[in-house]
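Listing of final-v4.txt; format and content: compact mmCIF, C-alpha atoms.
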# COMPACT_ATOMS: atom_id res chain seq x y z
CA MET A 121 56.68 173.16 75.10
CA MET A 122 58.90 171.30 77.54
CA THR A 123 56.62 172.26 80.40
CA GLU A 124 53.66 170.75 78.54
CA VAL A 125 55.55 167.50 77.98
CA PHE A 126 56.51 167.30 81.63
CA THR A 127 52.97 168.14 82.72
CA HIS A 128 51.43 165.29 80.74
CA ASN A 129 54.12 162.76 81.56
CA TYR A 130 55.25 163.62 85.05
CA GLY A 131 53.87 160.31 86.29
CA HIS A 132 56.85 158.60 84.65
CA PHE A 133 59.16 160.83 86.61
CA ASP A 134 57.72 159.44 89.84
CA LEU A 135 59.63 156.27 89.06
CA LEU A 136 62.96 158.12 88.95
CA PRO A 137 65.09 158.82 92.03
CA ASN A 138 65.35 162.43 93.17
CA GLU A 139 68.97 162.72 92.06
CA MET A 140 68.07 161.90 88.46
CA VAL A 141 65.08 164.27 88.43
CA ILE A 142 67.27 167.06 89.82
CA ASN A 143 69.90 166.54 87.10
CA ILE A 144 67.25 166.63 84.39
CA LEU A 145 65.61 169.78 85.74
CA ILE A 146 68.93 171.60 86.07
CA SER A 147 69.38 171.44 82.29
CA ILE A 148 66.17 173.41 81.68
CA ASP A 149 66.36 177.17 81.03
CA VAL A 150 65.62 179.35 84.03
CA ASN A 151 62.23 180.67 82.88
CA THR A 152 60.87 177.20 82.05
CA LEU A 153 62.27 175.89 85.31
CA PHE A 154 60.31 178.57 87.15
CA ASP A 155 57.11 177.30 85.50
CA CYS A 156 58.01 173.70 86.31
CA ARG A 157 57.45 174.50 89.98
CA LEU A 158 53.72 174.33 89.20
CA VAL A 159 53.77 170.76 87.83
CA CYS A 160 53.52 168.94 91.16
CA LYS A 161 54.50 169.25 94.82
CA ARG A 162 57.50 166.95 94.40
CA TRP A 163 58.95 169.05 91.62
CA GLN A 164 58.32 172.22 93.51
CA LYS A 165 60.13 170.91 96.56
CA LEU A 166 63.09 169.64 94.55
CA ILE A 167 63.38 172.84 92.52
CA ASP A 168 63.09 175.12 95.54
CA THR A 169 65.38 173.09 97.75
CA TYR A 170 68.08 171.96 95.33
CA VAL A 171 67.68 172.74 91.64
CA PHE A 172 67.98 176.52 91.43
CA GLN A 173 70.99 176.60 93.73
CA GLU A 174 72.72 173.73 91.95
CA LYS A 175 71.94 175.30 88.57
CA ALA A 176 73.54 178.57 89.71
CA PHE A 177 76.59 176.63 90.95
CA ARG A 178 77.09 174.69 87.70
CA GLU A 179 76.48 177.62 85.36
CA ASN A 180 78.84 179.81 87.36
CA LYS A 181 81.75 178.22 85.51
CA PHE A 182 80.59 179.48 82.13
CA VAL A 183 78.86 182.85 82.46
CA ASN A 184 80.62 186.18 81.84
CA ASN A 185 83.31 184.58 79.69
CA GLY A 186 84.20 182.11 82.39
CA GLN A 187 84.55 184.74 85.10
CA GLY A 188 81.40 183.58 86.87
CA TYR A 189 78.34 185.43 88.05
CA TYR A 190 79.01 188.92 89.39
CA SER A 191 76.72 188.02 92.27
CA PHE A 192 79.19 185.38 93.49
CA SER A 193 82.32 187.45 92.97
CA GLN A 194 82.85 187.98 96.72
CA ILE A 195 82.94 184.28 97.59
CA SER A 196 84.79 181.23 96.31
CA ALA A 197 83.07 179.22 93.59
CA ASN A 198 82.68 176.17 95.84
CA ASP A 199 80.88 178.23 98.48
CA VAL A 200 77.91 178.79 96.16
CA ARG A 201 76.53 175.44 97.34
CA ARG A 202 76.86 176.56 100.95
CA LEU A 203 74.94 179.81 100.61
CA ASP A 204 71.89 179.94 102.85
CA LEU A 205 69.49 181.88 100.63
CA PRO A 206 65.87 181.36 99.46
CA TRP A 207 65.37 179.61 96.11
CA TYR A 208 64.10 182.78 94.43
CA VAL A 209 67.40 184.55 95.10
CA PHE A 210 69.21 181.91 93.01
CA TYR A 211 66.49 182.26 90.37
CA ILE A 212 67.10 186.03 90.22
CA ILE A 213 70.87 185.48 90.03
CA CYS A 214 70.52 183.03 87.13
CA LYS A 215 68.19 185.40 85.27
CA TYR A 216 69.56 188.88 86.09
CA ASP A 217 72.84 188.48 88.02
CA PRO A 218 72.18 191.78 89.84
CA PHE A 219 74.44 191.62 92.89
CA ASN A 220 78.01 192.89 93.27
CA ARG A 221 77.95 194.49 89.82
CA ASN A 222 77.90 198.14 88.87
CA LEU A 223 74.30 199.13 88.09
CA VAL A 224 75.26 202.59 86.83
CA LYS A 225 75.03 202.76 83.05
CA ASN A 226 77.68 204.67 81.13
CA HIS A 227 79.64 205.12 84.34
CA CYS A 228 82.73 206.58 82.66
CA GLY A 229 81.13 208.56 79.86
CA GLN A 230 82.10 205.91 77.32
CA TYR A 231 78.73 206.45 75.58
CA GLY A 232 78.67 210.23 75.79
CA TRP A 233 75.73 211.63 77.75
CA LYS A 234 73.57 208.50 77.32
CA TYR A 235 71.57 207.40 80.42
CA TRP A 236 72.37 210.63 82.31
CA GLU A 237 70.11 213.63 82.82
CA SER A 238 70.51 217.11 84.27
CA ASN A 239 68.10 219.07 86.43
CA ASN A 240 69.63 222.42 85.48
CA ASP A 241 66.80 224.71 84.43
CA SER A 242 69.00 226.35 81.82
CA PHE A 243 69.35 223.06 79.91
CA SER A 244 66.37 222.68 77.63
CA SER A 245 67.65 220.00 75.27
CA GLN A 246 70.21 217.26 74.77
CA ASN A 247 72.23 219.68 72.65
CA ASP A 248 72.52 222.03 75.63
CA LEU A 249 73.89 219.18 77.75
CA ASN A 250 76.44 218.28 75.12
CA CYS A 251 77.58 221.89 74.91
CA PHE A 252 78.55 222.02 78.58
CA TRP A 253 79.82 218.47 78.97
CA THR A 254 82.36 216.58 76.96
CA VAL A 255 84.07 213.21 77.23
CA GLU A 256 87.85 213.02 77.48
CA GLN A 257 90.49 210.38 77.99
CA ILE A 258 92.04 210.10 81.42
CA PRO A 259 95.84 210.39 81.25
CA GLN A 260 97.81 207.25 82.02
CA SER A 261 99.54 209.17 84.83
CA ALA A 262 96.33 208.66 86.83
CA HIS A 263 97.20 204.98 87.13
CA LEU A 264 95.95 204.65 90.73
CA MET A 265 92.46 205.51 89.55
CA LEU A 266 92.58 203.51 86.33
CA ASP A 267 93.66 200.45 88.31
CA ASP A 268 90.23 200.54 90.00
CA SER A 269 88.48 197.42 88.68
CA ASN A 270 85.17 199.30 88.57
CA PHE A 271 86.38 201.15 85.47
CA ASP A 272 86.04 197.87 83.52
CA GLY A 273 88.92 198.89 81.28
CA HIS A 274 87.39 202.26 80.30
CA THR A 275 89.69 205.28 80.39
CA SER A 276 87.22 208.10 79.78
CA CYS A 277 85.63 210.74 81.99
CA PHE A 278 83.03 213.49 81.88
CA SER A 279 84.56 216.96 81.69
CA SER A 280 82.95 220.36 82.10
CA TYR A 281 84.58 223.66 81.15
CA GLU A 282 81.59 225.82 81.96
CA LYS A 283 81.89 228.25 84.89
CA ARG A 284 78.29 227.69 85.99
CA SER A 285 77.18 224.98 88.45
CA LEU A 286 76.23 221.70 86.80
CA THR A 287 74.51 218.48 87.80
CA LYS A 288 74.07 215.07 86.22
CA ASP A 289 71.73 212.41 87.56
CA GLN A 290 70.82 208.79 86.95
CA GLU A 291 67.94 206.81 88.43
CA ILE A 292 68.30 203.09 89.14
CA VAL A 293 65.06 201.12 89.58
CA PHE A 294 65.79 197.93 91.49
CA LYS A 295 63.01 195.82 89.96
CA ASP A 296 64.53 196.43 86.52
CA HIS A 297 67.38 194.22 87.75
CA GLY A 298 65.10 191.57 89.25
CA LEU A 299 65.32 193.06 92.74
CA ASN A 300 61.64 193.24 93.57
CA ASP A 301 60.15 194.24 96.91
CA ASN A 302 60.26 190.66 98.20
CA ILE A 303 63.98 190.30 97.47
CA MET A 304 64.82 193.64 99.08
CA LYS A 305 62.73 192.87 102.16
CA THR A 306 64.21 189.38 102.58
CA LEU A 307 67.87 190.30 102.10
CA GLN A 308 68.03 193.96 103.23
CA PRO A 309 71.34 194.21 101.35
CA GLN A 310 74.03 196.83 101.67
CA ILE A 311 74.50 199.24 98.77
CA ALA A 312 78.00 200.47 97.95
CA VAL A 313 78.37 203.90 96.31
CA SER A 314 81.54 205.52 94.95
CA ALA A 315 82.87 207.91 92.31
CA TRP A 316 86.08 209.66 91.23
CA TYR A 317 86.34 213.41 90.66
CA ARG A 318 88.92 216.05 89.91
CA CYS A 319 88.62 219.84 90.03
CA ALA A 320 90.07 222.31 87.56
CA ASN A 321 93.57 223.63 88.21
CA HIS A 322 92.28 227.18 88.36
CA ALA A 323 88.97 226.68 90.17
CA ALA A 324 87.89 226.96 93.80
CA GLY A 325 84.54 225.24 93.58
CA LYS A 326 82.91 222.26 95.23
CA TYR A 327 82.04 218.70 94.25
CA THR A 328 79.01 216.99 95.79
CA LEU A 329 77.87 213.40 95.44
CA ARG A 330 74.22 212.96 96.36
CA VAL A 331 72.51 209.60 96.68
CA TYR A 332 68.82 209.17 97.49
CA LEU A 333 66.95 205.95 98.33
CA ASN A 334 63.19 205.97 97.84
CA ASN A 335 60.30 203.56 98.21
CA ALA A 336 57.74 202.70 95.55
CA SER A 337 55.62 205.69 96.60
CA LYS A 338 58.59 207.99 95.92
CA HIS A 339 59.02 208.82 99.58
CA LEU A 340 62.60 209.52 100.58
CA LEU A 341 63.90 206.84 102.94
CA GLN A 342 67.62 207.54 103.11
CA ALA A 343 69.97 210.11 101.70
CA HIS A 344 73.70 210.67 101.84
CA ILE A 345 75.49 213.76 100.64
CA ILE A 346 79.27 214.01 100.36
CA SER A 347 80.61 217.51 99.66
CA LYS A 348 84.26 218.22 98.96
CA LYS A 349 85.59 221.76 98.71
CA MET A 350 88.59 222.19 96.50
CA SER A 351 91.77 222.85 98.43
CA GLU A 352 95.18 223.80 97.09
CA ASP A 353 96.88 220.58 98.12
CA ARG A 354 94.31 218.45 96.22
CA ILE A 355 94.00 220.53 93.08
CA SER A 356 94.63 218.60 89.85
CA LEU A 357 94.54 215.25 91.72
CA TRP A 358 91.86 212.61 91.25
CA ASN A 359 89.96 211.88 94.45
CA LYS A 360 87.56 209.08 95.38
CA VAL A 361 84.42 209.39 97.48
CA SER A 362 82.47 206.40 98.76
CA TYR A 363 79.66 205.41 101.10
CA MET A 364 77.84 202.26 102.22
CA PHE A 365 74.07 202.16 102.74
CA GLN A 366 72.35 199.60 104.96
CA THR A 367 68.90 199.09 103.51
CA GLU A 368 65.77 198.39 105.55
CA GLY A 369 63.95 196.36 102.91
CA ASN A 370 61.42 198.82 101.46
CA GLU A 371 63.75 200.60 99.05
CA SER A 372 62.59 200.54 95.41
CA TYR A 373 64.90 202.88 93.53
CA LEU A 374 67.98 205.01 93.91
CA THR A 375 69.13 208.29 92.38
CA ILE A 376 72.80 209.19 92.06
CA SER A 377 73.64 212.83 91.39
CA HIS A 378 76.92 214.61 90.68
CA TYR A 379 76.96 218.33 91.43
CA MET A 380 79.85 220.56 90.37
CA GLU A 381 80.01 224.13 91.61
CA ASN A 382 82.57 225.82 89.38
CA ARG A 383 84.24 229.05 90.52
CA PRO A 384 87.22 229.99 88.36
CA GLN A 385 89.74 232.08 90.30
CA PHE A 386 91.73 233.08 87.25
CA PRO A 387 90.86 234.26 83.74
CA LEU A 388 88.37 231.92 82.09
CA LEU A 389 90.91 231.03 79.40
CA LEU A 390 92.93 229.09 81.98
CA TYR A 391 89.81 227.30 83.17
CA VAL A 392 88.89 226.31 79.64
CA ILE A 393 92.24 224.55 79.36
CA ASP A 394 91.51 222.32 82.35
CA GLY A 395 87.87 221.74 83.41
CA PHE A 396 86.08 219.81 86.11
CA LYS A 397 86.04 216.00 85.71
CA VAL A 398 84.12 213.04 87.12
CA SER A 399 84.20 209.32 86.28
CA GLY A 400 83.83 205.82 87.65
CA SER A 401 80.35 206.17 89.16
CA VAL A 402 79.45 202.99 91.04
CA ILE A 403 76.27 201.62 92.59
CA LYS A 404 76.53 198.01 93.77
CA ILE A 405 73.95 196.02 95.70
CA LEU A 406 75.90 193.48 97.71
CA LEU A 407 74.77 189.88 98.11
CA PRO A 408 74.72 188.87 101.80
CA SER A 409 77.04 185.90 102.31
CA LYS A 410 75.28 183.77 104.89
CA PHE A 411 76.35 180.14 104.86
CA LYS A 412 74.61 176.97 105.92
CA SER A 413 75.83 175.37 109.12
CA LYS A 414 77.49 172.01 108.56

Here is the file; what I need is its structure written in the form of structure tokens.
Amino acid sequence: MMTEVFTHNYGHFDLLPNEMVINILISIDVNTLFDCRLVCKRWQKLIDTYVFQEKAFRENKFVNNGQGYYSFSQISANDVRRLDLPWYVFYIICKYDPFNRNLVKNHCGQYGWKYWESNNDSFSSQNDLNCFWTVEQIPQSAHLMLDDSNFDGHTSCFSSYEKRSLTKDQEIVFKDHGLNDNIMKTLQPQIAVSAWYRCANHAAGKYTLRVYLNNASKHLLQAHIISKKMSEDRISLWNKVSYMFQTEGNESYLTISHYMENRPQFPLLLYVIDGFKVSGSVIKILLPSKFKSK
């Protein structure tokens, strides 16, 4: 409705100085503002050059309970105005806020098995998955891990007490977060990956974190595999694995996979008391911080 009003009366706006037009346009919701780019060349230039960036700057004070956009979490609030980014990046931030935030859903098992899948052939149903995985509370003694801000206050983890090998996977489609092919090609952002794991006290297995980057045609572009064999000096301790991808611009989706190879060395009863655990899965697409020259 507001777009229609502006379309039929934009001639009156020609009498207003740019500063006043910019302040009026900033107050419009992000989707309507996107449509307003089609009203006239003047509006399009003002919106693309100033409005979206200024809107992101002003709204940054109020979103996420006053904490600001996740996308700007790596820079000071005042530097938002200095960012040298295309207008559509600010539009995506105002609408989706996709950068510098954890895109993994249910990263600590706080919602049970939701959003995760397994490629184990022996699992034919959700009930099978729930039989071999459970969610537990992480003891407060693991304070170094729980202090990791990526846990978002959650204190749960996935636990497995089954002696077979197990996997759990999650696929992240970038366009679902506003990161379409144009955004990825323009920014070629880095992608940060990490997770916490702990082996059973009486197991000598292996933990593997697998991350795959694919294009829209499902062709594998990049992969990184981190495998950690359980050693006596690390048993019962929580360990963190991490990696940083440099994208090339044609990545469309990512798959994160946890693989646990369980090999109990002692009677299974001891293994049942203390199973394999994983938590704090993180996938973050980082916003490049390029600033305008003064």

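Taking atom CA of Val150 of chain A and atom CA of Arg178 of chain A as the two end points, the separation is 12.9 Å.
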
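When all atoms listed in the file are used to measure the gap to Leu286 of chain A, the shortest distance among A:Thr328, A:Ser147, A:Asn359, A:Gln366 belongs to A:Thr328.
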
| request: Go through A:Asn370, A:Ser261, A:Thr287, A:Asn270 and flag the residue nearest Tyr327 of chain A, using all atoms listed in the file for the distances. | output: A:Thr287

| Hey, can you pull every residue with an atom no more than 12 Å from (64.2, 172.2, 96.1), using all atoms listed in the file, and send it as an MDAnalysis selection string? | chainID A and resid 138:139 141:142 145:146 153:154 156:157 161:175 205:208 210:211

Would you mind listing what lies within 7 Å of Asp217 of chain A as an mmCIF file with C-alpha atoms, keeping the file's coordinate frame, with only C-alpha atoms counted and same-chain residues fewer than 6 positions away left out?
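Result file follows (result-v3.cif):
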data_model
loop_
_atom_site.group_PDB
_atom_site.id
_atom_site.type_symbol
_atom_site.label_atom_id
_atom_site.label_comp_id
_atom_site.auth_asym_id
_atom_site.auth_seq_id
_atom_site.Cartn_x
_atom_site.Cartn_y
_atom_site.Cartn_z
ATOM 1 C CA TYR A 189 78.340 185.430 88.050
ATOM 2 C CA TYR A 190 79.010 188.920 89.390
ATOM 3 C CA SER A 191 76.720 188.020 92.270
#

Write out as lines of an AutoDock Vina configuration file an axis-aligned box for segment 163-172 of chain A: all of its atoms listed in the file, 6 Å added on each side, centre and edge lengths in Å with one decimal.
center_x = 63.2
center_y = 172.8
center_z = 94.6
size_x = 21.8
size_y = 19.5
size_z = 18.3

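Straight-line separation from atom CA of Val402 of chain A to atom CA of Ala315 of chain A: 6.1 Å.
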
| request: Using all atoms listed in the file, find all polymer residues with an atom at most 6 Å away from the point (64.9, 205.9, 91.0); report them as a ChimeraX atom specification. | output: /A:291-293,373-375

| note | From atom CA of Trp358 of chain A to atom CA of Arg318 of chain A the spacing works out at 4.7 Å

| said: What's around Asn334 of chain A at 8 Å? Count all atoms listed in the file, leave out sequence neighbours fewer than 6 positions away in its own chain, and write the answer as number ranges by chain. | reply: A: 340-342, 371-374

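Shortest atom-to-atom contact with Ile376 of chain A among A:Gln187, A:Asn151, A:Gln290, A:Ser413: A:Gln290, counting all atoms listed in the file.
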
| Test item: residues at most 8 Å from segment 308-311 of chain A, all atoms listed in the file, excluding those fewer than 4 positions along its chain, as an NGL selection string | :A and (303-304 or 364-369 or 403-408)

| query | Excluding same-chain residues fewer than 5 positions from Tyr317 of chain A, what lies within 9 Å of it counting only C-alpha atoms, as a count of residues only? | reply | 11
